[in-house]
Amino acid sequence: MMKNQCRSCASGALSVARSRYNVRQNTEREKVIALAGNPNVGKTTLFNSLTGLRQHTGNWPGKTVTQAQGRFLHRNQPFLLVDLPGTYSLLAHSADEQVARDFICFGRPDATIVVVDATCLARNLNLALQVLEITGKVVLCVNLIDEAECKGIRIDVDALSQKLGVPVIGTAARSGRGLSELKEALYGVAMGQIEPAPPPVKYDEEVQSAVDQLLPQLRPLLQGLPHLNPRWVAMRLLDGDDPFLDSLTACHRAYEMAAKGEMALCAP
Ligand SMILES: Nc1nc2c(ncn2[C@@H]2O[C@H](COP(=O)(O)OP(=O)(O)O)[C@@H](O)[C@H]2O)c(=O)[nH]1
Ligand SMILES: [Mg+2]
């Protein structure tokens, strides 16, 4: 929370941050969940199974990329699920990748589900590792587990969870298998009951020292973005990632203006 900022100001700023992506919570209690994954891993099937008919579609602001949002309840807790475009990477080489990355970074999801294909896990883990470098608030959904079984592939979800430091759930979204466990893990991460602990990525000495030099200057920019890994942000800037810097600056401005406006209203 920003210095000298009251609770309601913080939540006002949060809803402004989210509304920049057309995400409008029904209530402040509603937890916002991003749904990420490579194309063709069963994301839409999972989205439909979780939300049923409680969904609506539109476009991501300023982009011709379709956006779907839907709602579900678990343990009487409302969730708003936001489907991201299917991508292989988050390095923002395409409009789809930029949309997915910006939402994970600046849309302030309470958790992100990364859906991977159990039949080709190694290829799919690339995206999962990229998301985990940005934020630990992740549940890994290993989908198409039924297809994998047919091919004689067995996934040790517990070992994977140990290694990645986040919950890993095997699912077959088409038949609904594993979805209760998935919702339970999501509940735990989004409500802060499960503390994810992905192992930090190790950089070589030269890169690490450049990251260390940038960190103190970055901290003020990241005040409203507690879920973002500052080392990852430093790496993006070192990489000369201009679209990322533009998004970070725009988000910071919107967040500051919202916080100022709210503080003016509630100042004594
Ligand atoms: N066998 C099996 N098929 C699935 C499962 N999930 C999705 N599918 C199928 O996989 C294909 C791609 O699914 P879709 O939801 O469109 O993937 P998306 O591109 O990630 O949104 C469709 O034919 C689905 O019916 C699953 O868990 N098991
Ligand atoms: Mg889809």
# chains A, B, ... in the order shown; residues from 1 in each chain; ligands from 1
$ closest_atom_pairs --of "stretch 4-91 of chain A" --to "stretch 111-133 of chain A" --cutoff "8 Å" --atoms "only C-alpha atoms" --output "tab-separated table"
residue	atom	partner	partner_atom	distance
A:Val32	CA	A:Ala111	CA	7.0
A:Ile33	CA	A:Ala111	CA	5.1
A:Ala34	CA	A:Thr112	CA	4.6
A:Leu35	CA	A:Ile113	CA	4.9
A:Ala36	CA	A:Val114	CA	4.8
A:Gly37	CA	A:Val115	CA	4.8
A:Asn38	CA	A:Asn124	CA	6.8
A:Val41	CA	A:Asp117	CA	5.2
A:Gly42	CA	A:Val115	CA	7.6
A:Lys43	CA	A:Val115	CA	6.5
A:Thr87	CA	A:Leu127	CA	7.9
A:Tyr88	CA	A:Leu127	CA	5.9
A:Ser89	CA	A:Leu127	CA	5.3
A:Leu90	CA	A:Gln130	CA	6.9
$ write_last_selection --atoms "N, CA and C atoms" --output "PDB file, in the first residue's frame"
ATOM      1  N   VAL A  32      -9.997 -11.487  -8.742  1.00  0.00           N
ATOM      2  CA  VAL A  32      -9.765 -11.458 -10.189  1.00  0.00           C
ATOM      3  C   VAL A  32      -8.680 -12.475 -10.547  1.00  0.00           C
ATOM      4  N   ILE A  33      -9.026 -13.364 -11.476  1.00  0.00           N
ATOM      5  CA  ILE A  33      -8.117 -14.443 -11.856  1.00  0.00           C
ATOM      6  C   ILE A  33      -7.804 -14.349 -13.346  1.00  0.00           C
ATOM      7  N   ALA A  34      -6.521 -14.328 -13.686  1.00  0.00           N
ATOM      8  CA  ALA A  34      -6.125 -14.337 -15.102  1.00  0.00           C
ATOM      9  C   ALA A  34      -5.921 -15.781 -15.535  1.00  0.00           C
ATOM     10  N   LEU A  35      -6.309 -16.058 -16.788  1.00  0.00           N
ATOM     11  CA  LEU A  35      -6.177 -17.411 -17.330  1.00  0.00           C
ATOM     12  C   LEU A  35      -5.221 -17.359 -18.514  1.00  0.00           C
ATOM     13  N   ALA A  36      -4.019 -17.941 -18.335  1.00  0.00           N
ATOM     14  CA  ALA A  36      -2.981 -17.859 -19.368  1.00  0.00           C
ATOM     15  C   ALA A  36      -2.641 -19.256 -19.875  1.00  0.00           C
ATOM     16  N   GLY A  37      -2.029 -19.321 -21.051  1.00  0.00           N
ATOM     17  CA  GLY A  37      -1.600 -20.615 -21.575  1.00  0.00           C
ATOM     18  C   GLY A  37      -1.246 -20.523 -23.048  1.00  0.00           C
ATOM     19  N   ASN A  38      -0.550 -21.522 -23.549  1.00  0.00           N
ATOM     20  CA  ASN A  38      -0.270 -21.629 -24.992  1.00  0.00           C
ATOM     21  C   ASN A  38      -1.600 -21.840 -25.718  1.00  0.00           C
ATOM     22  N   VAL A  41      -4.438 -25.569 -25.542  1.00  0.00           N
ATOM     23  CA  VAL A  41      -4.176 -26.393 -24.350  1.00  0.00           C
ATOM     24  C   VAL A  41      -5.468 -26.666 -23.573  1.00  0.00           C
ATOM     25  N   GLY A  42      -6.600 -26.132 -24.093  1.00  0.00           N
ATOM     26  CA  GLY A  42      -7.881 -26.353 -23.420  1.00  0.00           C
ATOM     27  C   GLY A  42      -8.294 -25.183 -22.535  1.00  0.00           C
ATOM     28  N   LYS A  43      -7.745 -24.006 -22.806  1.00  0.00           N
ATOM     29  CA  LYS A  43      -8.072 -22.827 -22.007  1.00  0.00           C
ATOM     30  C   LYS A  43      -9.564 -22.467 -22.108  1.00  0.00           C
ATOM     31  N   THR A  87      -0.742 -17.655 -25.800  1.00  0.00           N
ATOM     32  CA  THR A  87       0.588 -17.190 -26.240  1.00  0.00           C
ATOM     33  C   THR A  87       1.648 -18.221 -25.867  1.00  0.00           C
ATOM     34  N   TYR A  88       2.758 -18.204 -26.610  1.00  0.00           N
ATOM     35  CA  TYR A  88       3.879 -19.089 -26.289  1.00  0.00           C
ATOM     36  C   TYR A  88       4.883 -18.395 -25.379  1.00  0.00           C
ATOM     37  N   SER A  89       4.780 -17.068 -25.317  1.00  0.00           N
ATOM     38  CA  SER A  89       5.787 -16.308 -24.574  1.00  0.00           C
ATOM     39  C   SER A  89       5.142 -15.025 -24.055  1.00  0.00           C
ATOM     40  N   LEU A  90       5.823 -14.333 -23.159  1.00  0.00           N
ATOM     41  CA  LEU A  90       5.319 -13.039 -22.683  1.00  0.00           C
ATOM     42  C   LEU A  90       6.309 -11.935 -23.002  1.00  0.00           C
TER      43      LEU A  90
END
$ residues_near_ligand --ligand "ligand 1" --cutoff "9 Å" --atoms "only C-alpha atoms and all ligand atoms" --output "VMD selection string"
chain A and resid 36 to 48 85 to 86 115 to 117 142 to 148 171 to 177
$ closest_residue --among "A:Asp110, A:Glu30, A:Thr66, A:Gln77" --to "ligand 2" --atoms "only C-alpha atoms and all ligand atoms"
A:Thr66
$ select_by_dssp --residues "stretch 28-261 of chain A" --states "helix (DSSP H, G or I)" --output "number ranges by chain"
A: 43-51, 95-106, 118-134, 145-150, 157-164, 179-190, 205-222, 230-238, 242-261
$ write_last_selection --atoms "C-alpha atoms" --output "JSON list (two decimals), in the first residue's frame"
[["chain", "number", "residue", "atom", "x", "y", "z"],
["A", 43, "LYS", "CA", -8.07, -22.83, -22.01],
["A", 44, "THR", "CA", -11.48, -22.07, -23.53],
["A", 45, "THR", "CA", -12.79, -25.47, -22.43],
["A", 46, "LEU", "CA", -11.58, -24.79, -18.88],
["A", 47, "PHE", "CA", -13.00, -21.25, -18.96],
["A", 48, "ASN", "CA", -16.40, -22.59, -20.04],
["A", 49, "SER", "CA", -16.38, -25.40, -17.48],
["A", 50, "LEU", "CA", -15.55, -23.02, -14.64],
["A", 51, "THR", "CA", -17.89, -20.19, -15.59],
["A", 95, "ALA", "CA", -0.35, -7.80, -29.72],
["A", 96, "ASP", "CA", -1.56, -11.02, -28.06],
["A", 97, "GLU", "CA", 1.61, -11.37, -26.00],
["A", 98, "GLN", "CA", 1.50, -7.73, -24.98],
["A", 99, "VAL", "CA", -2.13, -8.01, -23.85],
["A", 100, "ALA", "CA", -1.39, -11.13, -21.82],
["A", 101, "ARG", "CA", 1.73, -9.71, -20.23],
["A", 102, "ASP", "CA", 0.25, -6.29, -19.46],
["A", 103, "PHE", "CA", -2.73, -7.81, -17.72],
["A", 104, "ILE", "CA", -0.62, -10.13, -15.58],
["A", 105, "CYS", "CA", 1.67, -7.21, -14.69],
["A", 106, "PHE", "CA", -0.69, -4.25, -14.37],
["A", 118, "ALA", "CA", 0.24, -32.63, -20.17],
["A", 119, "THR", "CA", 1.19, -34.33, -23.45],
["A", 120, "CYS", "CA", 3.99, -31.81, -24.16],
["A", 121, "LEU", "CA", 4.85, -30.38, -20.81],
["A", 122, "ALA", "CA", 8.45, -29.36, -21.55],
["A", 123, "ARG", "CA", 7.44, -27.00, -24.36],
["A", 124, "ASN", "CA", 4.57, -25.53, -22.32],
["A", 125, "LEU", "CA", 6.66, -24.92, -19.22],
["A", 126, "ASN", "CA", 8.46, -22.12, -21.04],
["A", 127, "LEU", "CA", 5.44, -19.84, -20.62],
["A", 128, "ALA", "CA", 4.80, -21.09, -17.08],
["A", 129, "LEU", "CA", 8.37, -20.20, -16.05],
["A", 130, "GLN", "CA", 8.02, -16.76, -17.58],
["A", 131, "VAL", "CA", 4.83, -16.10, -15.59],
["A", 132, "LEU", "CA", 6.47, -17.44, -12.42],
["A", 133, "GLU", "CA", 9.35, -15.02, -12.89],
["A", 134, "ILE", "CA", 6.86, -12.13, -12.91],
["A", 145, "ILE", "CA", -4.19, -35.33, -18.39],
["A", 146, "ASP", "CA", -6.52, -37.94, -19.94],
["A", 147, "GLU", "CA", -4.76, -37.63, -23.31],
["A", 148, "ALA", "CA", -1.39, -37.95, -21.58],
["A", 149, "GLU", "CA", -2.55, -41.12, -19.82],
["A", 150, "CYS", "CA", -3.65, -42.60, -23.14],
["A", 157, "VAL", "CA", 2.23, -33.16, -10.04],
["A", 158, "ASP", "CA", 3.58, -33.18, -6.46],
["A", 159, "ALA", "CA", 7.22, -33.21, -7.63],
["A", 160, "LEU", "CA", 6.44, -30.45, -10.11],
["A", 161, "SER", "CA", 4.77, -28.41, -7.38],
["A", 162, "GLN", "CA", 7.82, -28.86, -5.11],
["A", 163, "LYS", "CA", 10.14, -27.66, -7.86],
["A", 164, "LEU", "CA", 8.05, -24.69, -8.98],
["A", 179, "LEU", "CA", -11.70, -28.86, -11.41],
["A", 180, "SER", "CA", -12.69, -28.94, -7.71],
["A", 181, "GLU", "CA", -9.02, -29.30, -6.76],
["A", 182, "LEU", "CA", -8.15, -26.49, -9.15],
["A", 183, "LYS", "CA", -10.72, -24.17, -7.55],
["A", 184, "GLU", "CA", -9.50, -25.11, -4.11],
["A", 185, "ALA", "CA", -5.88, -24.24, -5.02],
["A", 186, "LEU", "CA", -7.03, -21.02, -6.63],
["A", 187, "TYR", "CA", -8.96, -20.10, -3.52],
["A", 188, "GLY", "CA", -5.85, -20.72, -1.40],
["A", 189, "VAL", "CA", -3.57, -18.55, -3.56],
["A", 190, "ALA", "CA", -6.08, -15.74, -4.21],
["A", 205, "GLU", "CA", 27.32, -11.80, -11.82],
["A", 206, "GLU", "CA", 27.46, -9.01, -14.36],
["A", 207, "VAL", "CA", 23.69, -9.07, -14.95],
["A", 208, "GLN", "CA", 23.00, -9.33, -11.23],
["A", 209, "SER", "CA", 25.10, -6.26, -10.50],
["A", 210, "ALA", "CA", 23.24, -4.27, -13.19],
["A", 211, "VAL", "CA", 19.91, -5.41, -11.69],
["A", 212, "ASP", "CA", 21.10, -4.38, -8.20],
["A", 213, "GLN", "CA", 21.97, -0.91, -9.47],
["A", 214, "LEU", "CA", 18.52, -0.43, -11.00],
["A", 215, "LEU", "CA", 16.46, -1.73, -8.10],
["A", 216, "PRO", "CA", 16.57, 1.36, -5.80],
["A", 217, "GLN", "CA", 15.42, 3.61, -8.68],
["A", 218, "LEU", "CA", 12.66, 1.20, -9.63],
["A", 219, "ARG", "CA", 11.10, 0.81, -6.19],
["A", 220, "PRO", "CA", 9.06, 4.07, -6.26],
["A", 221, "LEU", "CA", 7.60, 3.08, -9.64],
["A", 222, "LEU", "CA", 6.53, -0.29, -8.29],
["A", 230, "PRO", "CA", 11.26, -6.08, -9.12],
["A", 231, "ARG", "CA", 14.20, -8.13, -10.45],
["A", 232, "TRP", "CA", 12.15, -9.23, -13.44],
["A", 233, "VAL", "CA", 11.11, -5.62, -14.09],
["A", 234, "ALA", "CA", 14.79, -4.57, -13.94],
["A", 235, "MET", "CA", 15.59, -7.27, -16.50],
["A", 236, "ARG", "CA", 12.92, -5.96, -18.87],
["A", 237, "LEU", "CA", 14.39, -2.46, -18.65],
["A", 238, "LEU", "CA", 17.95, -3.75, -19.14],
["A", 242, "ASP", "CA", 10.14, -0.06, -24.58],
["A", 243, "PRO", "CA", 6.55, -1.37, -24.76],
["A", 244, "PHE", "CA", 6.98, -2.63, -21.19],
["A", 245, "LEU", "CA", 8.38, 0.71, -19.99],
["A", 246, "ASP", "CA", 5.45, 2.53, -21.66],
["A", 247, "SER", "CA", 2.94, 0.25, -19.94],
["A", 248, "LEU", "CA", 4.69, 0.61, -16.59],
["A", 249, "THR", "CA", 4.71, 4.40, -16.88],
["A", 250, "ALA", "CA", 1.04, 4.54, -17.93],
["A", 251, "CYS", "CA", 0.03, 2.25, -15.08],
["A", 252, "HIS", "CA", 2.03, 4.23, -12.54],
["A", 253, "ARG", "CA", 0.41, 7.51, -13.71],
["A", 254, "ALA", "CA", -3.13, 6.10, -13.59],
["A", 255, "TYR", "CA", -2.49, 4.61, -10.19],
["A", 256, "GLU", "CA", -1.06, 7.86, -8.80],
["A", 257, "MET", "CA", -3.90, 9.99, -10.18],
["A", 258, "ALA", "CA", -6.48, 7.60, -8.76],
["A", 259, "ALA", "CA", -4.76, 7.58, -5.37],
["A", 260, "LYS", "CA", -4.54, 11.40, -5.31],
["A", 261, "GLY", "CA", -8.18, 11.81, -6.28]]
$ closest_residue --among "A:Gln67, A:Gln193, A:Thr135, A:Thr27" --to "ligand 2" --atoms "only C-alpha atoms and all ligand atoms"
A:Gln67
$ closest_residue --among "A:Arg54, A:Leu84, A:Val23, A:Ser15" --to "ligand 2" --atoms "only C-alpha atoms and all ligand atoms"
A:Leu84
$ atom_distance --atom1 "atom CA of A:Leu91" --atom2 "atom CA of A:Asn229"
15.5 Å
$ atom_distance --atom1 "atom CA of A:Ile153" --atom2 "atom CA of A:Leu140"
17.7 Å
$ atom_distance --atom1 "atom CA of A:Val138" --atom2 "atom CA of A:Gly58"
25.0 Å
$ closest_residue --among "A:Ile194, A:Val168, A:Leu225, A:Ala68" --to "ligand 2" --atoms "only C-alpha atoms and all ligand atoms"
A:Ala68
$ closest_residue --among "A:Arg154, A:Lys202, A:His74, A:Lys63" --to "A:Tyr21" --atoms "only C-alpha atoms"
A:Lys63
$ closest_residue --among "A:Gly136, A:Gly224, A:Gly170, A:Gly192" --to "A:Lys31" --atoms "only C-alpha atoms"
A:Gly192
$ select_by_dssp --residues "stretch 38-245 of chain A" --states "strand (DSSP E)" --output "NGL selection string"
:A and (55-59 or 66-74 or 77-83 or 111-117 or 138-143 or 168-170)
